[in-house]
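Scroll down for the structure; my scribbles are underneath it.
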Amino acid sequence: MTVWRRWWYLYILSGFIINNVMLESKSRVKRYSIEGSYWGKSVITYRLKQPSQRMSLSQQKAVFARAFATWEEHTRLWFVAVDDEDEQKANIDIVFAAGDHEDGEPFDGKGNILAHAFFPRYGGDVHFDEDELWSANKTKGVDLYAVAVHEIGHSLGLKHSSNHLSIMAPFYKQYTGAVMHLHQDDISAVKRLYGAPVKIRKKASEHHIWRSELCTKPYLDAVTTLKNGTILAFRGKMFFELKTTRKWLLPRKINRIFPFEGPLEAATTDRHGNVYFFKKDTYWVMTKHGDMMNGYPKKISQGLTDTPDGINAALYYHEDGKPYFFKKSYFWQYSRYGKHKLWPRAIVSIFENQNSPPEIDAAFQLNNTSSFLFHQNKYWKVSGDPMRIEKGFPRSLSRDWFNCL
Ligand SMILES: [Ca+2]
Ligand SMILES: [Ca+2]
Ligand SMILES: [Ca+2]
Ligand SMILES: [Zn+2]
Ligand SMILES: [Zn+2]
């Protein structure tokens with residue numbers, strides 16, 4: 001029993017959800033209130049640790065993606081879903097449980113308490129009462145989305161607001177349309193904890209320009225697959241998730257999330273999920289939990305044996321699980337004991353001397369089964385030992401990965 005934990009309950013009383021604590025003390029100023037703890041980073045992971053049996057898994061995933069997006073819209077935070085099968089611990093664990101669920105605050109069956117959440121200093125997790133008639137639809141049952149948006153506010157460090165129009169008001173918030181939007185009061189609260197929000201209109205037109213540049217001048221600076229399967233692509237000052245199924249790529253400013261500015265030169269992820277970012281003579285390491293590792297950035301010349309500055313691309317190759325670096329017309333296998341006499345080799349050897357690009361812009365591995373090399377708008381699948389391009393390549397980066405015509 002972890003009785004030292006604190007949380008805020010939602011009650012339904014005569015059709016409203018009312019917070020018991022708020023009934024005891026009324027604030028004179030009609031505004032937000034913060035608890036005092038917050039996440040000291042921009043990348044926050046969440047996981048559907050124990051899903052509800054009342055809705056399909058894909059429905060629940062979609063609801064939580066929408067709920068986190070509601071907060072993302074006005075913060076510099078980035079919420080990354082991680083899979084339950086993955087051993088990695090998420091920052092925000094989402095649990096559906098009925099009655100006693102071993103945190104000292106049992107749920108109470110249908111009605112009354114719907115959910116509770118922990119402030120960041122207590123772990124940020126969100127619990128939902130599995131006995132409620134959860135629904136992905138706001139017209140029937142209990143709208144999981146609306147309750148989730150409110151609870152995520154607590155996970156981010158917000159207490160209840162006395163402004164009854166805010167999402168953090170202790171009363172259930174009605175909303176029109178498909179999604180809720182943060183009230184100015186909620187925006188002021190997250191701004192105090194996490195910095196200035198992004199201007200939406202400006203962002204939309206910037207995205208438009210960025211999008212057309214993506215198709216007229218296709219290239220990538222760096223690509224890597226995170227431990228959770230997300231493919232991150234870096235280009236200029238922006239980065240985005242690479243998804244062949246997604247029509248619209250949502251770019252984000254690199255320096256809003258990471259402690260460095262674009263353009264990046266290379267990125268790669270090791271088998272533990274640590275992500276390495278390279279720029280000129282410096283590199284950074286991020287853990288699979290999204291925290292920047294202590295002791296970084298480091299100079300490449302000090303942290304990596306026999307590795308020059310200004311590498312073009314980095315790859316953990318799926319065939320041997322070893323790291324490779326590419327610079328200009330050469331590539332080599334990295335070893336912390338120093339460069340083996342077989343290395344470096346000419347990039348033309350990968351292409352068997354046929355139409356070899358002068359250099360590799362970016363490289364990445366997918367699902368431990370394939371590896372890709374990029375140069376401007378062309379990309380190749382590589383395999384085997386020694387590394388060779390596969391038949392059917394090069395293919396078009398803009399067509400296959402950016403969904404350009
Ligand atoms: Ca209940
Ligand atoms: Ca947690
Ligand atoms: Ca590069
Ligand atoms: Zn609440
Ligand atoms: Zn609980």
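The way I read the labels, and the way they are meant: chains A, B, ... in the order of the structure tokens, residue 1 as the first residue of every chain, and ligand 1 as the first ligand shown, with later ones counted on from there.
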
*Neighbours of ligand 2 within 12 Å, counting only C-alpha atoms and all ligand atoms, as a PyMOL selection string?*
chain A and resi 39+44-49+88-95+117-127+152+155-156+289

Would you output that residue set with N, CA, C and O atoms, as a CSV table (one decimal), in the first residue's frame?
```csv
chain,number,residue,atom,x,y,z
A,39,TRP,N,7.5,17.2,-15.4
A,39,TRP,CA,8.5,16.4,-16.1
A,39,TRP,C,9.6,17.3,-16.6
A,39,TRP,O,9.3,18.2,-17.3
A,44,ILE,N,7.9,12.5,-23.5
A,44,ILE,CA,7.2,11.7,-22.4
A,44,ILE,C,6.6,10.5,-23.0
A,44,ILE,O,5.8,10.6,-24.0
A,45,THR,N,7.0,9.3,-22.5
A,45,THR,CA,6.4,8.1,-23.0
A,45,THR,C,5.2,7.7,-22.2
A,45,THR,O,5.1,7.9,-21.1
A,46,TYR,N,4.2,7.0,-22.9
A,46,TYR,CA,3.1,6.4,-22.2
A,46,TYR,C,2.8,5.1,-22.8
A,46,TYR,O,3.2,4.7,-23.9
A,47,ARG,N,2.1,4.3,-22.0
A,47,ARG,CA,1.9,2.9,-22.3
A,47,ARG,C,0.5,2.4,-21.8
A,47,ARG,O,0.2,2.8,-20.7
A,48,LEU,N,-0.2,1.7,-22.6
A,48,LEU,CA,-1.5,1.2,-22.2
A,48,LEU,C,-1.1,-0.2,-21.5
A,48,LEU,O,-1.1,-1.2,-22.1
A,49,LYS,N,-0.7,0.0,-20.2
A,49,LYS,CA,-0.2,-1.2,-19.5
A,49,LYS,C,-1.2,-2.2,-19.2
A,49,LYS,O,-1.0,-3.4,-19.4
A,88,GLN,N,10.5,-1.9,-21.8
A,88,GLN,CA,10.9,-0.6,-21.4
A,88,GLN,C,9.7,0.0,-20.5
A,88,GLN,O,8.6,-0.2,-20.8
A,89,LYS,N,10.1,0.7,-19.5
A,89,LYS,CA,9.2,1.4,-18.6
A,89,LYS,C,8.8,2.7,-19.2
A,89,LYS,O,9.6,3.5,-19.7
A,90,ALA,N,7.5,2.9,-19.3
A,90,ALA,CA,7.0,4.2,-19.8
A,90,ALA,C,6.9,5.2,-18.6
A,90,ALA,O,6.8,4.8,-17.5
A,91,ASN,N,6.9,6.5,-19.0
A,91,ASN,CA,6.7,7.5,-17.9
A,91,ASN,C,5.3,7.5,-17.4
A,91,ASN,O,5.1,7.5,-16.2
A,92,ILE,N,4.3,7.4,-18.3
A,92,ILE,CA,2.9,7.4,-17.9
A,92,ILE,C,2.3,6.0,-18.2
A,92,ILE,O,2.1,5.7,-19.3
A,93,ASP,N,2.0,5.2,-17.1
A,93,ASP,CA,1.4,3.9,-17.3
A,93,ASP,C,-0.1,4.1,-17.2
A,93,ASP,O,-0.6,4.8,-16.2
A,94,ILE,N,-0.9,3.6,-18.2
A,94,ILE,CA,-2.3,3.7,-18.1
A,94,ILE,C,-2.9,2.3,-17.7
A,94,ILE,O,-2.5,1.3,-18.4
A,95,VAL,N,-3.7,2.3,-16.7
A,95,VAL,CA,-4.2,1.0,-16.1
A,95,VAL,C,-5.7,1.1,-16.0
A,95,VAL,O,-6.2,2.1,-15.4
A,117,ALA,N,-5.4,10.1,-11.0
A,117,ALA,CA,-4.0,10.2,-11.7
A,117,ALA,C,-3.0,10.7,-10.7
A,117,ALA,O,-3.4,11.3,-9.7
A,118,PHE,N,-1.8,10.3,-10.9
A,118,PHE,CA,-0.7,10.7,-10.0
A,118,PHE,C,0.0,11.9,-10.6
A,118,PHE,O,0.3,12.0,-11.8
A,119,PHE,N,0.4,12.8,-9.8
A,119,PHE,CA,1.2,14.0,-10.3
A,119,PHE,C,2.6,13.4,-10.7
A,119,PHE,O,3.0,12.4,-10.2
A,120,PRO,N,3.4,14.2,-11.5
A,120,PRO,CA,4.7,13.7,-11.9
A,120,PRO,C,5.6,13.2,-10.8
A,120,PRO,O,6.2,12.1,-11.0
A,121,ARG,N,5.6,13.8,-9.7
A,121,ARG,CA,6.6,13.4,-8.6
A,121,ARG,C,6.2,12.0,-8.1
A,121,ARG,O,7.0,11.3,-7.5
A,122,TYR,N,4.9,11.6,-8.3
A,122,TYR,CA,4.4,10.3,-7.8
A,122,TYR,C,4.4,9.3,-9.0
A,122,TYR,O,3.8,8.2,-8.9
A,123,GLY,N,4.9,9.7,-10.1
A,123,GLY,CA,5.0,8.7,-11.3
A,123,GLY,C,4.1,9.0,-12.5
A,123,GLY,O,4.3,8.5,-13.5
A,124,GLY,N,3.1,9.9,-12.3
A,124,GLY,CA,2.3,10.3,-13.4
A,124,GLY,C,1.4,9.3,-14.0
A,124,GLY,O,0.8,9.6,-15.1
A,125,ASP,N,1.2,8.2,-13.4
A,125,ASP,CA,0.3,7.2,-13.9
A,125,ASP,C,-1.2,7.5,-13.9
A,125,ASP,O,-1.6,8.3,-13.0
A,126,VAL,N,-2.0,7.0,-14.7
A,126,VAL,CA,-3.4,7.2,-14.8
A,126,VAL,C,-4.2,5.9,-14.6
A,126,VAL,O,-3.9,4.9,-15.3
A,127,HIS,N,-5.1,5.9,-13.6
A,127,HIS,CA,-5.9,4.7,-13.4
A,127,HIS,C,-7.4,5.0,-13.8
A,127,HIS,O,-7.9,6.0,-13.4
A,152,ILE,N,-4.8,13.4,-17.8
A,152,ILE,CA,-3.5,13.7,-18.3
A,152,ILE,C,-3.0,15.0,-17.8
A,152,ILE,O,-1.8,15.2,-17.4
A,155,SER,N,-1.5,14.3,-14.7
A,155,SER,CA,-0.2,13.6,-14.9
A,155,SER,C,0.9,14.6,-15.3
A,155,SER,O,2.1,14.3,-15.1
A,156,LEU,N,0.5,15.7,-15.8
A,156,LEU,CA,1.5,16.7,-16.2
A,156,LEU,C,1.8,17.7,-15.1
A,156,LEU,O,2.6,18.6,-15.2
A,289,HIS,N,14.0,5.7,-22.7
A,289,HIS,CA,13.0,6.3,-22.0
A,289,HIS,C,12.8,7.8,-22.4
A,289,HIS,O,11.9,8.5,-21.9
```

*asked:* Show me which residues line ligand 5, defined as having an atom within 9 Å of a ligand atom where only C-alpha atoms and all ligand atoms count, and present them as a VMD selection string.
replied: chain A and resid 7 95 to 97 100 to 107 115 to 118 125 to 129

*Surrounding residues as JSON, numbers by chain, ligand 3, max 10 Å, only C-alpha atoms and all ligand atoms*: {"A": [219, 220, 221, 222, 223, 234, 235, 263, 264, 265, 266, 267, 278, 279, 310, 311, 312, 313, 314, 326, 327, 359, 360, 361, 362, 363, 374, 375]}

Grab the residues selected above and save them as an mmCIF file, in the first residue's frame with N, CA, C and O atoms.
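Dumped everything to part.cif:
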```
data_model
loop_
_atom_site.group_PDB
_atom_site.id
_atom_site.type_symbol
_atom_site.label_atom_id
_atom_site.label_comp_id
_atom_site.auth_asym_id
_atom_site.auth_seq_id
_atom_site.Cartn_x
_atom_site.Cartn_y
_atom_site.Cartn_z
ATOM 1 N N TYR A 219 15.384 14.924 -49.527
ATOM 2 C CA TYR A 219 16.618 14.380 -48.949
ATOM 3 C C TYR A 219 16.390 14.243 -47.453
ATOM 4 O O TYR A 219 15.429 14.809 -46.915
ATOM 5 N N LEU A 220 17.249 13.501 -46.783
ATOM 6 C CA LEU A 220 17.209 13.393 -45.325
ATOM 7 C C LEU A 220 18.611 13.578 -44.775
ATOM 8 O O LEU A 220 19.586 13.193 -45.416
ATOM 9 N N ASP A 221 18.705 14.189 -43.598
ATOM 10 C CA ASP A 221 20.008 14.327 -42.941
ATOM 11 C C ASP A 221 20.360 13.071 -42.153
ATOM 12 O O ASP A 221 21.510 12.649 -42.116
ATOM 13 N N ALA A 222 19.358 12.509 -41.471
ATOM 14 C CA ALA A 222 19.611 11.368 -40.593
ATOM 15 C C ALA A 222 18.291 10.650 -40.327
ATOM 16 O O ALA A 222 17.237 11.276 -40.310
ATOM 17 N N VAL A 223 18.363 9.338 -40.144
ATOM 18 C CA VAL A 223 17.171 8.543 -39.818
ATOM 19 C C VAL A 223 17.556 7.481 -38.805
ATOM 20 O O VAL A 223 18.653 6.927 -38.870
ATOM 21 N N PHE A 234 15.352 13.169 -39.667
ATOM 22 C CA PHE A 234 15.819 14.533 -39.407
ATOM 23 C C PHE A 234 16.154 15.207 -40.725
ATOM 24 O O PHE A 234 16.793 14.610 -41.594
ATOM 25 N N ARG A 235 15.700 16.446 -40.848
ATOM 26 C CA ARG A 235 15.921 17.188 -42.081
ATOM 27 C C ARG A 235 15.968 18.670 -41.727
ATOM 28 O O ARG A 235 14.989 19.221 -41.217
ATOM 29 N N PRO A 263 20.848 21.448 -38.677
ATOM 30 C CA PRO A 263 20.783 20.079 -39.164
ATOM 31 C C PRO A 263 21.718 19.125 -38.404
ATOM 32 O O PRO A 263 22.807 19.508 -37.995
ATOM 33 N N LEU A 264 21.226 17.911 -38.257
ATOM 34 C CA LEU A 264 21.988 16.839 -37.644
ATOM 35 C C LEU A 264 22.750 16.126 -38.764
ATOM 36 O O LEU A 264 22.338 16.199 -39.916
ATOM 37 N N GLU A 265 23.830 15.443 -38.421
ATOM 38 C CA GLU A 265 24.547 14.738 -39.483
ATOM 39 C C GLU A 265 24.233 13.246 -39.519
ATOM 40 O O GLU A 265 24.171 12.649 -40.584
ATOM 41 N N ALA A 266 24.015 12.643 -38.360
ATOM 42 C CA ALA A 266 23.716 11.210 -38.346
ATOM 43 C C ALA A 266 23.004 10.853 -37.047
ATOM 44 O O ALA A 266 23.122 11.567 -36.050
ATOM 45 N N ALA A 267 22.251 9.744 -37.063
ATOM 46 C CA ALA A 267 21.587 9.242 -35.863
ATOM 47 C C ALA A 267 21.488 7.731 -35.973
ATOM 48 O O ALA A 267 21.297 7.194 -37.066
ATOM 49 N N PHE A 278 24.589 12.658 -33.955
ATOM 50 C CA PHE A 278 25.899 13.199 -34.318
ATOM 51 C C PHE A 278 25.761 14.525 -35.050
ATOM 52 O O PHE A 278 24.923 14.662 -35.949
ATOM 53 N N LYS A 279 26.600 15.481 -34.639
ATOM 54 C CA LYS A 279 26.658 16.754 -35.349
ATOM 55 C C LYS A 279 28.082 17.288 -35.278
ATOM 56 O O LYS A 279 28.603 17.499 -34.185
ATOM 57 N N GLY A 310 32.331 14.886 -38.298
ATOM 58 C CA GLY A 310 31.606 15.117 -39.548
ATOM 59 C C GLY A 310 31.245 13.866 -40.311
ATOM 60 O O GLY A 310 31.363 13.818 -41.534
ATOM 61 N N ILE A 311 30.779 12.822 -39.604
ATOM 62 C CA ILE A 311 30.357 11.623 -40.334
ATOM 63 C C ILE A 311 29.035 11.915 -41.048
ATOM 64 O O ILE A 311 28.250 12.751 -40.611
ATOM 65 N N ASN A 312 28.792 11.232 -42.166
ATOM 66 C CA ASN A 312 27.575 11.483 -42.955
ATOM 67 C C ASN A 312 26.390 10.659 -42.473
ATOM 68 O O ASN A 312 25.246 11.096 -42.557
ATOM 69 N N ALA A 313 26.646 9.430 -42.023
ATOM 70 C CA ALA A 313 25.548 8.547 -41.640
ATOM 71 C C ALA A 313 26.060 7.481 -40.683
ATOM 72 O O ALA A 313 27.259 7.183 -40.658
ATOM 73 N N ALA A 314 25.148 6.931 -39.878
ATOM 74 C CA ALA A 314 25.495 5.868 -38.933
ATOM 75 C C ALA A 314 24.420 4.792 -39.001
ATOM 76 O O ALA A 314 23.243 5.095 -39.206
ATOM 77 N N PHE A 326 29.559 6.117 -42.029
ATOM 78 C CA PHE A 326 29.798 6.490 -43.418
ATOM 79 C C PHE A 326 30.330 7.911 -43.438
ATOM 80 O O PHE A 326 29.778 8.785 -42.768
ATOM 81 N N LYS A 327 31.409 8.132 -44.179
ATOM 82 C CA LYS A 327 31.898 9.494 -44.369
ATOM 83 C C LYS A 327 32.461 9.623 -45.776
ATOM 84 O O LYS A 327 33.302 8.822 -46.180
ATOM 85 N N GLU A 359 28.264 9.753 -51.807
ATOM 86 C CA GLU A 359 28.272 9.595 -50.349
ATOM 87 C C GLU A 359 26.890 9.149 -49.894
ATOM 88 O O GLU A 359 25.936 9.162 -50.663
ATOM 89 N N ILE A 360 26.789 8.739 -48.625
ATOM 90 C CA ILE A 360 25.509 8.309 -48.056
ATOM 91 C C ILE A 360 25.007 9.430 -47.137
ATOM 92 O O ILE A 360 25.740 9.891 -46.271
ATOM 93 N N ASP A 361 23.757 9.867 -47.344
ATOM 94 C CA ASP A 361 23.197 10.946 -46.508
ATOM 95 C C ASP A 361 22.738 10.427 -45.150
ATOM 96 O O ASP A 361 22.882 11.088 -44.129
ATOM 97 N N ALA A 362 22.089 9.259 -45.180
ATOM 98 C CA ALA A 362 21.461 8.735 -43.970
ATOM 99 C C ALA A 362 21.289 7.234 -44.122
ATOM 100 O O ALA A 362 21.294 6.723 -45.246
ATOM 101 N N ALA A 363 21.159 6.533 -42.995
ATOM 102 C CA ALA A 363 21.006 5.083 -43.040
ATOM 103 C C ALA A 363 20.197 4.653 -41.833
ATOM 104 O O ALA A 363 20.263 5.289 -40.784
ATOM 105 N N PHE A 374 20.432 6.027 -47.847
ATOM 106 C CA PHE A 374 19.795 7.122 -48.581
ATOM 107 C C PHE A 374 20.836 8.043 -49.200
ATOM 108 O O PHE A 374 21.872 8.319 -48.599
ATOM 109 N N HIS A 375 20.526 8.517 -50.411
ATOM 110 C CA HIS A 375 21.286 9.625 -50.993
ATOM 111 C C HIS A 375 20.329 10.474 -51.812
ATOM 112 O O HIS A 375 19.743 9.988 -52.775
#
```

At most 6 Å from ligand 1 (only C-alpha atoms and all ligand atoms): residue list as a compact mmCIF listing (two decimals) with C-alpha atoms, in the first residue's frame:
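Writing done, so here's result-v2.txt:
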```
# COMPACT_ATOMS: atom_id res chain seq x y z
CA PHE A 107 -12.33 1.93 -7.15
CA ASP A 108 -16.00 1.78 -6.23
CA GLY A 109 -17.91 -0.01 -8.99
CA LYS A 110 -20.03 1.74 -11.59
CA GLY A 111 -20.45 5.49 -11.02
CA ASN A 112 -18.85 7.87 -8.51
CA ILE A 113 -15.08 7.63 -8.93
CA LEU A 114 -14.19 7.27 -12.61
CA ASP A 129 -12.26 2.33 -13.04
```

*asked:* Let's see if you can do this: from backbone DSSP, list all helix (DSSP H, G or I) residues in region 193-288 of chain A, as a ChimeraX atom specification.
replied: /A:193-194,200-216,254-257

Serialized selection, N, CA, C and O atoms, as a CSV table (one decimal), in the first residue's frame:
```
chain,number,residue,atom,x,y,z
A,193,LEU,N,4.6,25.5,-16.6
A,193,LEU,CA,5.4,24.3,-16.3
A,193,LEU,C,6.3,23.9,-17.4
A,193,LEU,O,7.4,23.4,-17.2
A,194,TYR,N,5.9,24.1,-18.7
A,194,TYR,CA,6.7,23.6,-19.8
A,194,TYR,C,7.1,24.5,-20.9
A,194,TYR,O,7.5,24.2,-21.9
A,200,ILE,N,-0.6,28.1,-33.4
A,200,ILE,CA,-1.1,27.2,-34.3
A,200,ILE,C,-1.2,27.7,-35.7
A,200,ILE,O,-0.8,27.0,-36.6
A,201,ARG,N,-1.6,28.9,-35.9
A,201,ARG,CA,-1.8,29.3,-37.3
A,201,ARG,C,-0.5,29.4,-38.0
A,201,ARG,O,-0.3,29.0,-39.1
A,202,LYS,N,0.5,30.0,-37.3
A,202,LYS,CA,1.9,30.1,-37.9
A,202,LYS,C,2.4,28.7,-38.2
A,202,LYS,O,3.0,28.5,-39.3
A,203,LYS,N,2.1,27.8,-37.3
A,203,LYS,CA,2.6,26.4,-37.5
A,203,LYS,C,2.0,25.8,-38.7
A,203,LYS,O,2.7,25.2,-39.5
A,204,ALA,N,0.7,26.0,-39.0
A,204,ALA,CA,0.0,25.4,-40.1
A,204,ALA,C,0.7,25.9,-41.4
A,204,ALA,O,0.9,25.1,-42.3
A,205,SER,N,0.9,27.2,-41.6
A,205,SER,CA,1.5,27.7,-42.8
A,205,SER,C,3.0,27.3,-43.0
A,205,SER,O,3.4,26.9,-44.1
A,206,GLU,N,3.7,27.2,-41.8
A,206,GLU,CA,5.1,26.7,-41.9
A,206,GLU,C,5.1,25.3,-42.4
A,206,GLU,O,5.9,24.9,-43.2
A,207,HIS,N,4.1,24.5,-41.9
A,207,HIS,CA,4.0,23.1,-42.3
A,207,HIS,C,3.8,23.0,-43.8
A,207,HIS,O,4.3,22.1,-44.4
A,208,HIS,N,3.0,23.9,-44.3
A,208,HIS,CA,2.6,23.9,-45.7
A,208,HIS,C,3.9,24.1,-46.6
A,208,HIS,O,4.1,23.4,-47.5
A,209,ILE,N,4.6,25.1,-46.2
A,209,ILE,CA,5.9,25.4,-46.9
A,209,ILE,C,6.8,24.3,-46.8
A,209,ILE,O,7.4,23.8,-47.8
A,210,TRP,N,7.0,23.8,-45.6
A,210,TRP,CA,7.9,22.7,-45.4
A,210,TRP,C,7.5,21.4,-46.2
A,210,TRP,O,8.4,20.8,-46.8
A,211,ARG,N,6.2,21.2,-46.2
A,211,ARG,CA,5.7,20.0,-47.0
A,211,ARG,C,6.0,20.1,-48.5
A,211,ARG,O,6.4,19.1,-49.1
A,212,SER,N,5.9,21.3,-49.1
A,212,SER,CA,6.1,21.4,-50.5
A,212,SER,C,7.6,21.3,-50.8
A,212,SER,O,8.1,20.8,-51.8
A,213,GLU,N,8.5,21.8,-49.8
A,213,GLU,CA,9.9,21.7,-50.0
A,213,GLU,C,10.3,20.2,-49.9
A,213,GLU,O,11.3,19.8,-50.6
A,214,LEU,N,9.6,19.5,-49.1
A,214,LEU,CA,9.9,18.0,-48.9
A,214,LEU,C,9.8,17.3,-50.2
A,214,LEU,O,10.7,16.5,-50.6
A,215,CYS,N,8.8,17.7,-51.0
A,215,CYS,CA,8.6,17.0,-52.3
A,215,CYS,C,9.4,17.6,-53.4
A,215,CYS,O,9.8,16.8,-54.4
A,216,THR,N,9.7,18.9,-53.4
A,216,THR,CA,10.5,19.4,-54.5
A,216,THR,C,12.0,19.2,-54.3
A,216,THR,O,12.7,19.2,-55.3
A,254,ILE,N,13.5,20.6,-34.2
A,254,ILE,CA,14.5,19.7,-33.4
A,254,ILE,C,14.8,20.3,-32.1
A,254,ILE,O,14.8,19.7,-31.0
A,255,ASN,N,15.1,21.6,-32.0
A,255,ASN,CA,15.5,22.2,-30.8
A,255,ASN,C,14.4,22.5,-29.8
A,255,ASN,O,14.7,22.9,-28.6
A,256,ARG,N,13.2,22.2,-30.1
A,256,ARG,CA,12.1,22.2,-29.2
A,256,ARG,C,12.1,21.0,-28.3
A,256,ARG,O,11.5,21.0,-27.2
A,257,ILE,N,12.6,19.9,-28.8
A,257,ILE,CA,12.5,18.6,-28.2
A,257,ILE,C,13.9,18.1,-27.7
A,257,ILE,O,14.0,17.6,-26.6
```

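Distances to ligand 4 were evaluated for A:Ser162, A:Gln376, A:Asn367, A:Thr230 using only C-alpha atoms and all ligand atoms, and the minimum falls at A:Ser162.
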
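Pairwise distance (CA of Tyr32 (chain A), CA of Tyr175 (chain A)) equals 19.3 Å.
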
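Our summary of the geometry notes that CA of Glu132 (chain A) is positioned 13.8 Å from CA of Ala146 (chain A).
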
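Of the listed residues (A:Thr70, A:Gln50, A:Asn368, A:Ser161), A:Ser161 comes nearest to ligand 4; the distances count only C-alpha atoms and all ligand atoms.
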
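If you measure from each of A:Asp131, A:Phe64, A:Lys30, A:Lys159 to ligand 4 using only C-alpha atoms and all ligand atoms, the closest one turns out to be A:Lys159.
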
*Write out as a ChimeraX atom specification all residues of region 77-133 of chain A that backbone DSSP assigns to strand (DSSP E).*
/A:78-81,92-97,115-117,126-129

How close does each residue of region 303-334 of chain A get to region 338-350 of chain A, giving the shortest atom pair and distance in Å to one decimal for every residue with an atom at most 6 Å away, counting only C-alpha atoms, sorted by chain and residue number, as CSV?
```
residue,atom,partner,partner_atom,distance
A:Thr305,CA,A:Gly338,CA,5.5
A:Asp306,CA,A:Gly338,CA,5.7
A:Ser329,CA,A:Ile347,CA,5.5
A:Tyr330,CA,A:Ala346,CA,4.5
A:Phe331,CA,A:Pro344,CA,5.4
A:Trp332,CA,A:Pro344,CA,4.5
```

Next, the residues of the selection above should be written as a short mmCIF file (atom, residue, chain, number, x, y, z; two decimals), in the first residue's frame with N, CA, C and O atoms.
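Dumped everything to again.cif:
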```cif
data_model
loop_
_atom_site.label_atom_id
_atom_site.label_comp_id
_atom_site.auth_asym_id
_atom_site.auth_seq_id
_atom_site.Cartn_x
_atom_site.Cartn_y
_atom_site.Cartn_z
N THR A 305 36.45 5.72 -30.37
CA THR A 305 37.78 5.37 -30.84
C THR A 305 37.90 5.49 -32.36
O THR A 305 37.02 5.02 -33.08
N ASP A 306 38.97 6.09 -32.83
CA ASP A 306 39.27 6.17 -34.27
C ASP A 306 38.10 6.66 -35.12
O ASP A 306 37.87 6.15 -36.22
N SER A 329 33.26 9.05 -49.37
CA SER A 329 33.11 7.86 -50.21
C SER A 329 33.51 6.57 -49.48
O SER A 329 33.66 5.53 -50.10
N TYR A 330 33.66 6.65 -48.13
CA TYR A 330 34.10 5.48 -47.38
C TYR A 330 33.14 5.08 -46.26
O TYR A 330 32.36 5.90 -45.79
N PHE A 331 33.21 3.84 -45.83
CA PHE A 331 32.45 3.40 -44.66
C PHE A 331 33.28 2.37 -43.90
O PHE A 331 34.19 1.75 -44.46
N TRP A 332 32.98 2.20 -42.62
CA TRP A 332 33.72 1.23 -41.81
C TRP A 332 32.89 0.76 -40.64
O TRP A 332 31.93 1.42 -40.23
#
```

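If only C-alpha atoms and all ligand atoms are the atoms counted, then among A:Tyr324, A:Phe171, A:Tyr316, A:Phe393 the closest residue to ligand 4 is A:Phe171.
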
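Near Thr268 (chain A), within a cut-off of 8 Å and counting only C-alpha atoms, sit the residues Val223, Thr224, Thr225, Val275, Tyr276, Phe277, Ala314, Leu315, Tyr316 and Phe364 of chain A, with same-chain residues fewer than 6 positions away left out.
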
Given the selection you just returned, output its residues as a file containing N, CA and C atoms, formatted as an mmCIF file, in the first residue's frame.
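That gives us result_22.cif:
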```
data_model
loop_
_atom_site.group_PDB
_atom_site.id
_atom_site.type_symbol
_atom_site.label_atom_id
_atom_site.label_comp_id
_atom_site.auth_asym_id
_atom_site.auth_seq_id
_atom_site.Cartn_x
_atom_site.Cartn_y
_atom_site.Cartn_z
ATOM 1 N N VAL A 223 18.363 9.338 -40.144
ATOM 2 C CA VAL A 223 17.171 8.543 -39.818
ATOM 3 C C VAL A 223 17.556 7.481 -38.805
ATOM 4 N N THR A 224 16.656 7.185 -37.867
ATOM 5 C CA THR A 224 16.894 6.044 -36.992
ATOM 6 C C THR A 224 15.569 5.489 -36.484
ATOM 7 N N THR A 225 15.558 4.190 -36.169
ATOM 8 C CA THR A 225 14.358 3.557 -35.626
ATOM 9 C C THR A 225 14.513 3.447 -34.116
ATOM 10 N N VAL A 275 19.837 6.057 -28.218
ATOM 11 C CA VAL A 275 19.892 6.729 -29.514
ATOM 12 C C VAL A 275 21.072 7.695 -29.535
ATOM 13 N N TYR A 276 21.908 7.593 -30.563
ATOM 14 C CA TYR A 276 23.089 8.443 -30.721
ATOM 15 C C TYR A 276 22.808 9.482 -31.788
ATOM 16 N N PHE A 277 23.086 10.746 -31.466
ATOM 17 C CA PHE A 277 22.901 11.833 -32.421
ATOM 18 C C PHE A 277 24.260 12.473 -32.692
ATOM 19 N N ALA A 314 25.148 6.931 -39.878
ATOM 20 C CA ALA A 314 25.495 5.868 -38.933
ATOM 21 C C ALA A 314 24.420 4.792 -39.001
ATOM 22 N N LEU A 315 24.832 3.539 -38.849
ATOM 23 C CA LEU A 315 23.873 2.434 -39.001
ATOM 24 C C LEU A 315 24.241 1.260 -38.107
ATOM 25 N N TYR A 316 23.283 0.768 -37.308
ATOM 26 C CA TYR A 316 23.437 -0.555 -36.705
ATOM 27 C C TYR A 316 22.889 -1.525 -37.739
ATOM 28 N N PHE A 364 19.398 3.605 -41.982
ATOM 29 C CA PHE A 364 18.698 3.090 -40.802
ATOM 30 C C PHE A 364 18.294 1.640 -40.979
#
```

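CA of Glu261 (chain A) is found 15.5 Å from CA of Lys298 (chain A).
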
_Using only C-alpha atoms, which protein or nucleic acid residues come within 7 Å of region 176-184 of chain A? Drop anything in the same chain fewer than 5 positions from it, and give the result as a PyMOL selection string._
chain A and resi 70+165-167

Using C-alpha atoms, can you write the selected residues to a file as a short mmCIF file (atom, residue, chain, number, x, y, z; two decimals), in the first residue's frame?
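Listed below is the output, part-v8.cif:
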```cif
data_model
loop_
_atom_site.label_atom_id
_atom_site.label_comp_id
_atom_site.auth_asym_id
_atom_site.auth_seq_id
_atom_site.Cartn_x
_atom_site.Cartn_y
_atom_site.Cartn_z
CA THR A 70 -4.98 17.70 -27.17
CA LEU A 165 -14.56 26.54 -18.54
CA SER A 166 -11.12 24.94 -18.28
CA ILE A 167 -10.39 21.28 -18.93
#
```
